[in-house]
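Novice: Below is coords-v4.cif; it holds mmCIF, C-alpha atoms.
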data_data
loop_
_atom_site.label_atom_id
_atom_site.label_comp_id
_atom_site.auth_asym_id
_atom_site.auth_seq_id
_atom_site.Cartn_x
_atom_site.Cartn_y
_atom_site.Cartn_z
CA LEU A 983 25.11 7.04 17.84
CA ASP A 984 27.55 7.03 14.94
CA GLY A 985 29.68 10.18 14.84
CA ARG A 986 29.42 10.40 11.08
CA CYS A 987 27.36 13.17 9.47
CA ASP A 988 24.07 12.46 7.70
CA LYS A 989 25.75 12.64 4.29
CA ASP A 990 28.25 9.91 5.20
CA LEU A 991 25.53 7.75 6.71
CA VAL A 992 23.41 8.09 3.55
CA PHE A 993 26.39 7.10 1.37
CA ALA A 994 27.17 4.15 3.65
CA CYS A 995 23.54 3.10 3.47
CA ARG A 996 23.62 3.20 -0.32
CA GLN A 997 26.62 0.88 -0.19
CA GLY A 998 24.49 -1.64 1.70
CA ASP A 999 25.33 -0.65 5.30
CA ARG A 1000 21.98 -1.21 7.03
CA SER A 1001 23.30 -0.13 10.43
CA ALA A 1002 23.98 3.32 8.92
CA TYR A 1003 20.28 3.66 8.20
CA ALA A 1004 19.46 2.56 11.76
CA ASP A 1005 21.59 5.49 12.93
CA LEU A 1006 19.70 7.83 10.62
CA VAL A 1007 16.43 6.54 12.08
CA ARG A 1008 17.62 7.22 15.65
CA ARG A 1009 18.68 10.70 14.61
CA HIS A 1010 15.57 11.76 12.68
CA TYR A 1011 12.72 9.62 14.01
CA ASN A 1012 11.55 12.13 16.63
CA PRO A 1013 10.83 15.12 14.37
CA ALA A 1014 9.19 12.78 11.83
CA PHE A 1015 7.03 11.23 14.55
CA LEU A 1016 6.00 14.64 15.91
CA VAL A 1017 4.97 15.81 12.46
CA CYS A 1018 2.85 12.66 12.13
CA LEU A 1019 1.38 13.27 15.56
CA GLY A 1020 0.69 16.91 14.71
CA VAL A 1021 -1.16 15.99 11.53
CA LEU A 1022 -2.91 12.84 12.69
CA GLY A 1023 -3.69 13.78 16.28
CA ASN A 1024 -3.06 10.45 17.97
CA VAL A 1025 0.02 8.52 18.97
CA HIS A 1026 -0.90 5.13 17.52
CA ASP A 1027 -1.53 6.37 14.01
CA ALA A 1028 1.51 8.63 14.27
CA GLU A 1029 3.75 5.70 15.17
CA ASP A 1030 2.42 3.59 12.29
CA VAL A 1031 2.90 6.36 9.75
CA ALA A 1032 6.32 7.39 11.10
CA GLN A 1033 7.38 3.76 10.72
CA ASP A 1034 6.07 3.68 7.14
CA ALA A 1035 8.01 6.88 6.46
CA MET A 1036 11.23 5.28 7.71
CA ILE A 1037 10.63 2.24 5.48
CA LYS A 1038 9.87 4.41 2.48
CA GLY A 1039 12.98 6.49 3.18
CA PHE A 1040 15.08 3.32 3.18
CA GLU A 1041 13.55 2.06 -0.05
CA GLN A 1042 14.01 5.43 -1.79
CA ILE A 1043 17.41 6.36 -0.34
CA GLY A 1044 18.94 6.12 -3.81
CA HIS A 1045 16.63 8.88 -5.04
CA LEU A 1046 17.67 11.42 -2.40
CA ARG A 1047 19.53 14.07 -4.42
CA GLN A 1048 21.29 15.86 -1.58
CA ALA A 1049 22.47 13.33 0.98
CA SER A 1050 23.01 16.05 3.59
CA GLN A 1051 19.27 16.87 3.42
CA PHE A 1052 18.12 13.52 4.77
CA GLY A 1053 16.41 15.13 7.81
CA PRO A 1054 14.06 17.52 5.95
CA TRP A 1055 13.51 14.84 3.29
CA ILE A 1056 12.34 12.15 5.74
CA VAL A 1057 10.17 14.67 7.62
CA LYS A 1058 8.53 15.63 4.34
CA ILE A 1059 7.85 11.97 3.55
CA ALA A 1060 6.28 11.56 7.02
CA ARG A 1061 4.16 14.65 6.54
CA ASN A 1062 2.92 13.60 3.09
CA LEU A 1063 2.01 10.12 4.33
CA SER A 1064 0.16 11.66 7.29
CA VAL A 1065 -1.79 14.10 5.14
CA ASN A 1066 -2.73 11.23 2.81
CA MET A 1067 -4.01 9.32 5.82
CA VAL A 1068 -6.08 12.32 6.95
CA ARG A 1069 -7.64 12.47 3.47
CA ARG A 1070 -8.43 8.76 3.54
CA ARG A 1071 -9.94 9.17 6.98
CA LYS A 1072 -12.18 11.98 5.78
CA THR A 1073 -13.34 9.85 2.87
CA MET A 1074 -14.06 6.95 5.21
CA ALA A 1075 -15.78 9.19 7.72
CA ARG A 1076 -18.05 10.44 4.97
CA ALA A 1077 -18.74 6.88 3.83
CA LEU A 1078 -19.37 5.61 7.37
CA ALA A 1079 -20.50 7.46 10.44
CA GLU A 1080 -18.20 10.12 11.89
CA ARG A 1081 -16.23 8.42 14.67
CA PRO A 1082 -15.55 10.14 17.99
CA THR A 1083 -12.16 11.83 18.29
CA ARG A 1084 -9.58 9.61 19.91
CA PRO A 1085 -7.37 11.08 22.63
CA LEU A 1086 -3.84 12.01 21.63
CA SER A 1087 -2.23 9.30 23.75
CA GLU A 1088 -4.30 7.06 25.99
CA GLY A 1089 -3.10 7.03 29.59
CA ALA A 1090 -0.74 9.97 29.16
CA GLY A 1091 -1.53 13.04 31.22
CA ASP A 1092 -4.56 15.25 31.00
CA GLU A 1093 -7.10 13.41 28.87
CA ARG A 1094 -9.28 16.48 28.31
CA LEU A 1095 -6.30 18.41 26.98
CA GLN A 1096 -5.51 15.51 24.66
CA GLN A 1097 -9.08 15.40 23.40
CA ALA A 1098 -9.00 19.13 22.82
CA VAL A 1099 -5.71 18.94 20.89
CA ALA A 1100 -7.10 16.08 18.82
CA GLN A 1101 -10.14 18.19 17.92
CA LEU A 1102 -8.05 20.96 16.35
CA PRO A 1103 -7.72 20.99 12.56
CA TRP A 1104 -4.44 19.38 11.58
CA ASP A 1105 -2.93 22.50 10.03
CA LEU A 1106 -3.23 24.21 13.43
CA ARG A 1107 -2.27 21.15 15.48
CA LEU A 1108 0.94 20.55 13.53
CA PRO A 1109 2.69 23.83 14.45
CA LEU A 1110 1.29 23.56 17.99
CA VAL A 1111 2.83 20.10 18.50
CA MET A 1112 6.14 21.15 16.95
CA TYR A 1113 6.29 24.28 19.10
CA TYR A 1114 5.22 22.89 22.47
CA PHE A 1115 6.07 19.16 22.29
CA ASP A 1116 9.45 19.47 20.65
CA GLY A 1117 10.44 22.83 22.12
CA GLN A 1118 11.16 24.25 18.68
CA ASN A 1119 11.21 28.00 18.18
CA VAL A 1120 8.95 29.72 15.69
CA LYS A 1121 11.72 30.18 13.10
CA THR A 1122 12.53 26.46 13.13
CA VAL A 1123 8.86 25.54 12.84
CA ALA A 1124 8.49 28.00 9.94
CA ARG A 1125 11.51 26.52 8.14
CA LYS A 1126 10.29 22.95 8.64
CA LEU A 1127 6.76 23.74 7.51
CA GLU A 1128 8.04 25.93 4.67
CA ILE A 1129 5.82 28.85 5.65
CA SER A 1130 6.63 32.37 6.94
CA THR A 1131 7.43 33.13 10.57
CA SER A 1132 4.41 35.39 10.79
CA GLY A 1133 2.33 32.57 9.30
CA VAL A 1134 3.48 30.26 12.09
CA TYR A 1135 2.72 32.90 14.73
CA GLN A 1136 -0.72 33.32 13.27
CA LYS A 1137 -1.41 29.58 13.27
CA LEU A 1138 -0.06 29.19 16.80
CA LYS A 1139 -2.14 32.08 18.02
CA THR A 1140 -5.26 30.62 16.45
CA ALA A 1141 -4.40 27.16 17.81
CA ILE A 1142 -3.95 28.26 21.43
CA THR A 1143 -7.07 30.42 21.42
CA GLU A 1144 -9.16 27.64 19.84
CA LEU A 1145 -7.72 25.11 22.25
CA HIS A 1146 -8.60 27.40 25.11
CA ALA A 1147 -12.12 27.81 23.75
CA ILE A 1148 -12.58 24.01 23.49
CA LEU A 1149 -11.32 23.47 27.04
CA THR A 1150 -13.47 26.29 28.38
CA ALA A 1151 -16.55 24.86 26.67
CA GLN A 1152 -15.75 21.51 28.33
CA GLY A 1153 -15.72 23.28 31.70
CA ASP A 1154 -11.97 23.33 32.17
CA PRO A 1155 -11.00 26.95 32.77
CA SER A 1156 -7.38 25.90 33.66
CA MET B 848 -14.72 31.84 32.93
CA ASN B 849 -15.36 35.47 31.95
CA ARG B 850 -14.28 36.59 28.50
CA PRO B 851 -11.17 38.76 28.05
CA CYS B 852 -11.52 42.17 26.44
CA ALA B 853 -11.95 41.70 22.67
CA GLU B 854 -9.29 44.29 21.77
CA MET B 855 -6.74 42.64 24.08
CA GLN B 856 -7.34 38.96 23.33
CA GLU B 857 -4.95 38.80 20.34
CA HIS B 858 -2.31 40.80 22.19
CA ILE B 859 -2.45 38.33 25.07
CA ALA B 860 -1.97 35.40 22.71
CA ASP B 861 0.96 37.18 21.04
CA TYR B 862 2.42 37.93 24.47
CA VAL B 863 2.24 34.24 25.45
CA LEU B 864 4.03 33.31 22.21
CA GLY B 865 6.66 36.03 22.78
CA ALA B 866 5.60 37.83 19.61
CA LEU B 867 4.37 41.12 21.05
CA GLU B 868 6.32 44.30 20.33
CA SER B 869 7.83 46.00 23.39
CA GLU B 870 5.63 49.08 23.08
CA GLU B 871 2.47 46.94 22.91
CA THR B 872 3.76 44.84 25.78
CA GLY B 873 3.83 47.97 27.96
CA VAL B 874 0.26 48.81 26.98
CA LEU B 875 -0.88 45.23 27.71
CA ARG B 876 0.81 45.15 31.11
CA ALA B 877 -0.86 48.39 32.05
CA HIS B 878 -4.21 46.94 30.97
CA LEU B 879 -3.65 43.69 32.87
CA GLY B 880 -3.05 45.66 36.05
CA GLY B 881 -6.66 46.82 35.98
CA CYS B 882 -8.52 43.96 34.21
CA ALA B 883 -9.12 40.73 36.09
CA ASN B 884 -10.69 38.94 33.09
CA CYS B 885 -7.69 39.56 30.84
CA ARG B 886 -5.33 38.59 33.68
CA GLN B 887 -7.20 35.33 34.12
CA TYR B 888 -7.14 34.69 30.37
CA LEU B 889 -3.37 35.24 30.29
CA GLN B 890 -2.85 32.88 33.23
CA SER B 891 -5.08 30.32 31.56
CA LEU B 892 -3.11 30.45 28.27
CA GLU B 893 0.20 30.16 30.16
CA ALA B 894 -1.08 27.16 32.12
CA GLN B 895 -2.30 25.62 28.87
CA GLY B 896 1.18 26.06 27.39
CA ARG B 897 2.79 24.37 30.39
CA ALA B 898 0.29 21.50 30.14
CA LEU B 899 1.12 21.08 26.45
CA VAL B 900 4.86 20.94 27.20
CA SER B 901 4.18 18.36 29.91
CA LEU B 902 2.02 16.31 27.54
CA GLY B 903 4.77 16.46 24.93
CA GLU B 904 7.27 15.14 27.46
CA GLN B 905 4.99 12.21 28.32
CA VAL B 906 4.40 11.37 24.68
CA GLY B 907 8.14 11.61 24.01
CA ALA B 908 9.06 9.33 26.92
CA ASP B 909 8.43 6.23 24.80
CA MET B 910 10.40 7.50 21.82
CA SER B 911 13.37 5.14 22.16
CA ALA B 912 11.10 2.08 22.03
CA ARG B 913 9.35 3.55 18.98
CA GLN B 914 12.69 3.99 17.26
CA ASP B 915 13.56 0.34 18.00
CA ARG B 916 10.26 -0.79 16.52
CA ALA B 917 10.84 1.33 13.40
CA ILE B 918 14.31 -0.19 12.95
CA GLN B 919 12.93 -3.71 13.41
CA ALA B 920 10.30 -2.99 10.76
CA LEU B 921 13.11 -2.40 8.25
CA GLU B 922 14.09 -6.08 8.25
CA GLY B 923 13.52 -7.57 4.86
CA VAL B 924 13.13 -4.17 3.21
CA VAL B 925 15.47 -3.59 0.29
CA PRO B 926 16.31 -0.19 -1.23
CA VAL B 927 14.91 0.30 -4.72
CA GLY B 928 17.63 -0.09 -7.33
CA SER B 929 19.70 -2.56 -5.33
CA ARG B 930 17.61 -5.49 -6.55
CA ALA B 931 19.32 -7.77 -9.05
CA GLY B 932 18.28 -7.26 -12.61
CA GLN B 933 16.94 -3.76 -12.09
CA ALA B 934 19.96 -1.93 -13.47
CA TRP B 935 18.61 -2.18 -17.03
CA PRO B 936 14.85 -2.31 -16.50
CA PHE B 937 14.08 -1.30 -20.09
CA LEU B 938 15.78 -4.40 -21.52
CA GLY B 939 12.80 -6.62 -20.77
CA GLY B 940 10.54 -4.33 -22.74
CA LEU B 941 13.10 -4.05 -25.54
CA ILE B 942 13.38 -7.81 -25.85
CA ARG B 943 9.61 -8.14 -25.86
CA THR B 944 9.37 -5.53 -28.63
CA ALA B 945 12.10 -7.25 -30.64
CA VAL B 946 10.33 -10.61 -30.34
CA ALA B 947 7.05 -8.99 -31.36
CA ALA B 948 8.77 -7.39 -34.38
CA VAL B 949 10.24 -10.74 -35.45
CA LEU B 950 6.85 -12.44 -35.07
CA ILE B 951 5.15 -9.73 -37.14
CA LEU B 952 7.86 -10.02 -39.78
CA ALA B 953 7.53 -13.83 -39.87
CA ALA B 954 3.74 -13.60 -40.08
CA GLY B 955 4.03 -11.06 -42.91
CA ILE B 956 6.40 -13.29 -44.85
CA THR B 957 4.20 -16.36 -44.35
CA ILE B 958 1.06 -14.53 -45.49
CA GLY B 959 2.97 -13.06 -48.41
CA ARG B 960 4.23 -16.46 -49.56
CA TRP B 961 0.82 -17.99 -49.13
CA THR B 962 -1.06 -15.36 -51.11
CA ALA B 963 1.50 -14.41 -53.73
CA PRO B 964 1.01 -16.08 -57.18
CA GLN B 965 4.72 -16.22 -57.91
CA PRO B 966 7.19 -16.91 -55.12
CA ALA B 967 10.22 -15.38 -56.77
CA ASP B 968 9.36 -11.73 -56.11
CA VAL B 969 8.29 -12.32 -52.49
CA GLU B 970 11.45 -14.24 -51.65
CA GLN B 971 13.48 -11.42 -53.03
CA LEU B 972 11.41 -8.92 -51.05
CA ARG B 973 11.85 -10.85 -47.83
CA ALA B 974 15.61 -10.90 -48.26
CA ASP B 975 15.62 -7.20 -49.10
CA LEU B 976 13.43 -6.38 -46.12
CA GLU B 977 15.57 -8.29 -43.65
CA ALA B 978 18.77 -6.83 -45.02
CA SER B 979 17.30 -3.35 -44.97
CA ILE B 980 16.12 -3.54 -41.36
CA ALA B 981 19.37 -5.07 -40.18
CA ALA B 982 21.38 -2.44 -42.04
CA ALA B 983 19.25 0.40 -40.72
CA LEU B 984 18.99 -0.61 -37.07
CA GLY B 985 21.78 -2.99 -36.12
CA PRO B 986 24.89 -0.81 -36.30
CA ALA B 987 23.07 2.26 -35.03
CA VAL B 988 21.77 0.41 -31.98
CA ARG B 989 25.12 -1.19 -31.22
CA GLU B 990 27.01 2.04 -31.62
CA SER B 991 24.58 4.15 -29.61
CA VAL B 992 24.34 1.73 -26.70
CA LEU B 993 28.09 1.17 -26.54
CA SER B 994 28.74 4.88 -26.83
CA GLU B 995 26.28 5.69 -24.01
CA VAL B 996 27.64 2.98 -21.73
CA ASN B 997 31.28 3.89 -22.41
CA GLN B 998 30.64 7.56 -21.87
CA HIS B 999 28.94 7.01 -18.54
CA LEU B 1000 31.40 4.39 -17.32
CA GLN B 1001 34.33 6.66 -18.15
CA SER B 1002 32.68 9.54 -16.30
CA ALA B 1003 32.01 7.29 -13.30
CA ALA B 1004 35.55 5.89 -13.28
CA SER B 1005 37.15 9.31 -13.48
CA THR B 1006 35.53 10.59 -10.34
CA GLY B 1007 35.98 9.57 -6.75
CA ASP B 1008 32.85 11.22 -5.51
CA THR B 1009 30.27 8.58 -4.64
CA GLN B 1010 27.39 11.04 -4.85
CA LEU B 1011 28.48 12.01 -8.34
CA LYS B 1012 28.71 8.33 -9.27
CA VAL B 1013 25.22 7.73 -8.08
CA GLU B 1014 23.99 10.74 -10.02
CA ILE B 1015 25.83 9.60 -13.14
CA ALA B 1016 24.34 6.12 -12.75
CA GLU B 1017 20.88 7.65 -12.42
CA GLN B 1018 21.47 9.92 -15.41
CA MET B 1019 22.73 6.96 -17.44
CA HIS B 1020 19.68 5.02 -16.40
CA ARG B 1021 17.41 7.85 -17.57
CA ASP B 1022 19.35 8.36 -20.82
CA LEU B 1023 19.20 4.70 -21.72
CA GLN B 1024 15.51 4.55 -20.98
CA ALA B 1025 14.95 7.55 -23.25
CA PHE B 1026 17.15 5.97 -25.91
CA ALA B 1027 15.27 2.68 -25.64
CA ALA B 1028 11.98 4.50 -26.08
CA GLN B 1029 13.33 6.29 -29.19
CA PHE B 1030 14.72 3.05 -30.57
CA VAL B 1031 11.46 1.18 -30.09
CA SER B 1032 9.54 4.04 -31.66
CA GLY B 1033 11.98 4.16 -34.62
CA ALA B 1034 11.83 0.41 -35.10
CA GLU B 1035 8.05 0.46 -35.10
CA ALA B 1036 7.94 3.26 -37.68
CA LEU B 1037 10.43 1.43 -39.91
CA MET B 1038 8.48 -1.80 -39.59
CA ASP B 1039 5.30 0.00 -40.61
CA GLN B 1040 7.02 1.57 -43.60
CA ARG B 1041 8.55 -1.74 -44.73
CA SER B 1042 5.25 -3.54 -44.29
CA ALA B 1043 3.52 -0.96 -46.47
CA GLU B 1044 6.23 -1.34 -49.14
CA LEU B 1045 5.90 -5.11 -48.96
CA VAL B 1046 2.14 -4.94 -49.49
CA GLN B 1047 2.59 -2.61 -52.45
CA LEU B 1048 5.18 -4.88 -54.07
CA VAL B 1049 3.05 -7.98 -53.56
CA GLU B 1050 0.08 -6.18 -55.14
CA ALA B 1051 2.26 -5.10 -58.08
CA ALA B 1052 3.47 -8.70 -58.54
CA ARG B 1053 -0.12 -9.98 -58.52
CA LEU B 1054 -1.17 -7.41 -61.13
CA LYS B 1055 1.75 -8.36 -63.35
CA ASP B 1056 0.81 -12.03 -63.07
CA ARG B 1057 -2.81 -11.34 -63.93
CA GLN B 1058 -1.72 -9.39 -67.01
CA ARG B 1059 0.59 -12.26 -68.02
CA VAL B 1060 -2.22 -14.81 -67.72
CA GLU B 1061 -4.56 -12.58 -69.72
CA ARG B 1062 -1.96 -12.29 -72.46
CA ALA B 1063 -1.57 -16.09 -72.47
CA PHE B 1064 -5.32 -16.58 -72.76
CA ARG B 1065 -5.51 -14.10 -75.64
CA GLN B 1066 -2.65 -15.88 -77.38
CA LEU B 1067 -4.37 -19.22 -76.85
CA GLU B 1068 -7.59 -17.87 -78.30
CA LEU B 1069 -5.79 -16.49 -81.34
CA THR B 1070 -4.03 -19.80 -81.87
CA ARG B 1071 -7.35 -21.62 -81.54
CA LEU B 1072 -8.99 -19.33 -84.11
CA ARG B 1073 -6.01 -19.70 -86.44
CA ASP B 1074 -6.14 -23.48 -86.12
CA LYS B 1075 -9.89 -23.44 -86.74
CA THR B 1076 -9.39 -21.43 -89.92
CA GLU B 1077 -6.64 -23.79 -91.07
CA ILE B 1078 -8.81 -26.83 -90.39
CA GLY B 1079 -11.72 -25.22 -92.33
CA ARG B 1080 -9.49 -24.58 -95.27
CA GLY B 1081 -8.18 -28.16 -95.16
CA ILE B 1082 -11.69 -29.58 -95.12
CA TRP B 1083 -12.68 -27.49 -98.14
CA THR B 1084 -9.58 -28.59 -100.04
CA LEU B 1085 -10.24 -32.22 -99.19
CA ALA B 1086 -13.87 -31.91 -100.27
CA ALA B 1087 -12.89 -30.34 -103.62
CA GLN B 1088 -10.37 -33.04 -104.33
CA THR B 1089 -12.84 -35.74 -103.42
CA THR B 1090 -15.42 -34.31 -105.90
CA GLU B 1091 -12.95 -34.19 -108.85
CA ALA B 1092 -11.84 -37.79 -108.34
CA PRO B 1093 -14.93 -39.98 -107.87
CA ILE B 1094 -14.49 -43.15 -105.89
CA THR B 1095 -14.58 -46.24 -107.92
CA THR B 1096 -16.05 -49.25 -106.41
CA GLN B 1097 -14.56 -52.60 -107.21
CA ASN B 1098 -16.62 -55.66 -107.41
#
Could you show the structure in this file as structure tokens?

Specialist:
Amino acid sequence: LDGRCDKDLVFACRQGDRSAYADLVRRHYNPAFLVCLGVLGNVHDAEDVAQDAMIKGFEQIGHLRQASQFGPWIVKIARNLSVNMVRRRKTMARALAERPTRPLSEGAGDERLQQAVAQLPWDLRLPLVMYYFDGQNVKTVARKLEISTSGVYQKLKTAITELHAILTAQGDPS
Amino acid sequence: MNRPCAEMQEHIADYVLGALESEETGVLRAHLGGCANCRQYLQSLEAQGRALVSLGEQVGADMSARQDRAIQALEGVVPVGSRAGQAWPFLGGLIRTAVAAVLILAAGITIGRWTAPQPADVEQLRADLEASIAAALGPAVRESVLSEVNQHLQSAASTGDTQLKVEIAEQMHRDLQAFAAQFVSGAEALMDQRSAELVQLVEAARLKDRQRVERAFRQLELTRLRDKTEIGRGIWTLAAQTTEAPITTQN
């Protein structure tokens, strides 16, 4: 990866350096993807939306006010796109029949756990994924989600107890 | 699986997340020593956490390929604002408005010439209207646009900070858009005012012409009556003279 800071990469990108944006993607794709996964609950949709977020970030790079804040900015774009997709899904689900929940990632690990995670409401799944999948501490999750630390603890606590309840109901006492 | 004790369930979840106060941790540990259900619940939550971390690692294993696909998807995408011809996006609208104003003006003049009884006043009005609009808008527009552009270019040139340049460019963009909107609005208002004046003047010219024609008709009628009287008098004179001097017939 380029040794330059985000600010320099953003400036280079604005001057037409496309490889600078590729470096920004490599640097910030993972947190954006995990936010998408947390909101959407499956890997395929998360990848599509994370990709859209990267494209939108590139198109709108001239509108980023603080170049050093590229990371939070692109994560926010990813989150907004994901939430919009959840809303569209709900509308479609109401219009059509409710589809069965897809597993988080087909072929990866414990399928029952994936199903259970996918069944959680997205506002509980998002901090859960950020905390466990990305190894982030509660303070970082709180800062990224722009909520209080105690709020994150509360959501995480609810998420793990609900997840446990879903798994127990499925006959998986772990 | 048996349920944990209701009063301990939240404490166990807090403990797993590392959010339990030390004093409460001591109480929980003491409780766990004598409660198999709560111990099992704690072990279950810890195992669930490990499974989640493991799942996250598996999902993240493919991340590099996902990044490559995201970068490939950027091909052909162009940042907004770098497209040619987008630096002055309001100009298209301004030109359209100017063309519309000219067309309205031309239509107004044509209708005025067609309907006006005397062309002299309308021609004068047209010239006055054009001169008035040009005098009111032309220099102001030129001066304002040049002043805005110069001000922003000087600010941009005097700084070496690229971020500041970008911000200045954006500010200039916004200012010029606002100015264009004001200009268009001002031009429309002036056009409306001038059109109203034109209509009033044309109406006044028509009224004057009608009065002039009426006066001419009255004059004509008076002349006709005067001529009729004169002719009557002439006939009477001729008749009197004819009576006093009888016609003699020659054989």

Novice: What separation in Å, quoted to one decimal, exists between CA of His1045 in chain A and CA of Gln1029 in chain B?

Specialist: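 Rounded to one decimal, the two atoms are 24.5 Å apart.
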
Novice: Evaluated on this file, the PyMOL selection byres ((chain A) within 8 of (chain B)) picks out some residues - which ones are they, written as a count of residues only?

Specialist: 38

Novice: Between CA of Ser1064 in chain A and CA of Gly998 in chain A, what is the distance in Å, rounded to a tenth?

Specialist: 28.3 Å

Novice: Between A:Val1031, A:Ile1129, A:Leu1149, A:Val1017, which one has atoms that come closest to Met1112 in chain A, using all atoms listed in the file?

Specialist: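 For Met1112 in chain A, the nearest of the candidates is A:Val1017.
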
Novice: Which is closer to Cys987 in chain A than all the others in A:Arg1009, A:Lys1038, A:Arg1107, A:Lys1058, using all atoms listed in the file?

Specialist: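 The shortest atom-to-atom distance to Cys987 in chain A comes from A:Arg1009.
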
Novice: How many Å separate CA of Val949 in chain B from CA of Met1038 in chain B?

Specialist: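 Taking CA of Val949 in chain B and CA of Met1038 in chain B, their separation equals 10.0 Å.
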
Novice: So which residues get picked by the PyMOL selection byres ((chain A and resi 1134) around 12) here, written as a PyMOL selection string?

Specialist: (chain A and resi 1105-1110+1112-1113+1118-1133+1135-1141) or (chain B and resi 861+864+866)

Novice: Residues as selected, C-alpha atoms, written as a tab-separated table (two decimals), in the frame of the given file, can you do that?

Specialist:
chain	number	residue	atom	x	y	z
A	1105	ASP	CA	-2.93	22.50	10.03
A	1106	LEU	CA	-3.23	24.21	13.43
A	1107	ARG	CA	-2.27	21.15	15.48
A	1108	LEU	CA	0.94	20.55	13.53
A	1109	PRO	CA	2.69	23.83	14.45
A	1110	LEU	CA	1.29	23.56	17.99
A	1112	MET	CA	6.14	21.15	16.95
A	1113	TYR	CA	6.29	24.28	19.10
A	1118	GLN	CA	11.16	24.25	18.68
A	1119	ASN	CA	11.21	28.00	18.18
A	1120	VAL	CA	8.95	29.72	15.69
A	1121	LYS	CA	11.72	30.18	13.10
A	1122	THR	CA	12.53	26.46	13.13
A	1123	VAL	CA	8.86	25.54	12.84
A	1124	ALA	CA	8.49	28.00	9.94
A	1125	ARG	CA	11.51	26.52	8.14
A	1126	LYS	CA	10.29	22.95	8.64
A	1127	LEU	CA	6.76	23.74	7.51
A	1128	GLU	CA	8.04	25.93	4.67
A	1129	ILE	CA	5.82	28.85	5.65
A	1130	SER	CA	6.63	32.37	6.94
A	1131	THR	CA	7.43	33.13	10.57
A	1132	SER	CA	4.41	35.39	10.79
A	1133	GLY	CA	2.33	32.57	9.30
A	1135	TYR	CA	2.72	32.90	14.73
A	1136	GLN	CA	-0.72	33.32	13.27
A	1137	LYS	CA	-1.41	29.58	13.27
A	1138	LEU	CA	-0.06	29.19	16.80
A	1139	LYS	CA	-2.14	32.08	18.02
A	1140	THR	CA	-5.26	30.62	16.45
A	1141	ALA	CA	-4.40	27.16	17.81
B	861	ASP	CA	0.96	37.18	21.04
B	864	LEU	CA	4.03	33.31	22.21
B	866	ALA	CA	5.60	37.83	19.61

Novice: Name the closest residue to Asn1066 in chain A among the candidates A:Pro1054, A:Asp1030, A:Leu1022, A:Gln1096; distances are taken between atoms, counting only C-alpha atoms.

Specialist: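 Closest to Asn1066 in chain A of all the choices is A:Leu1022.
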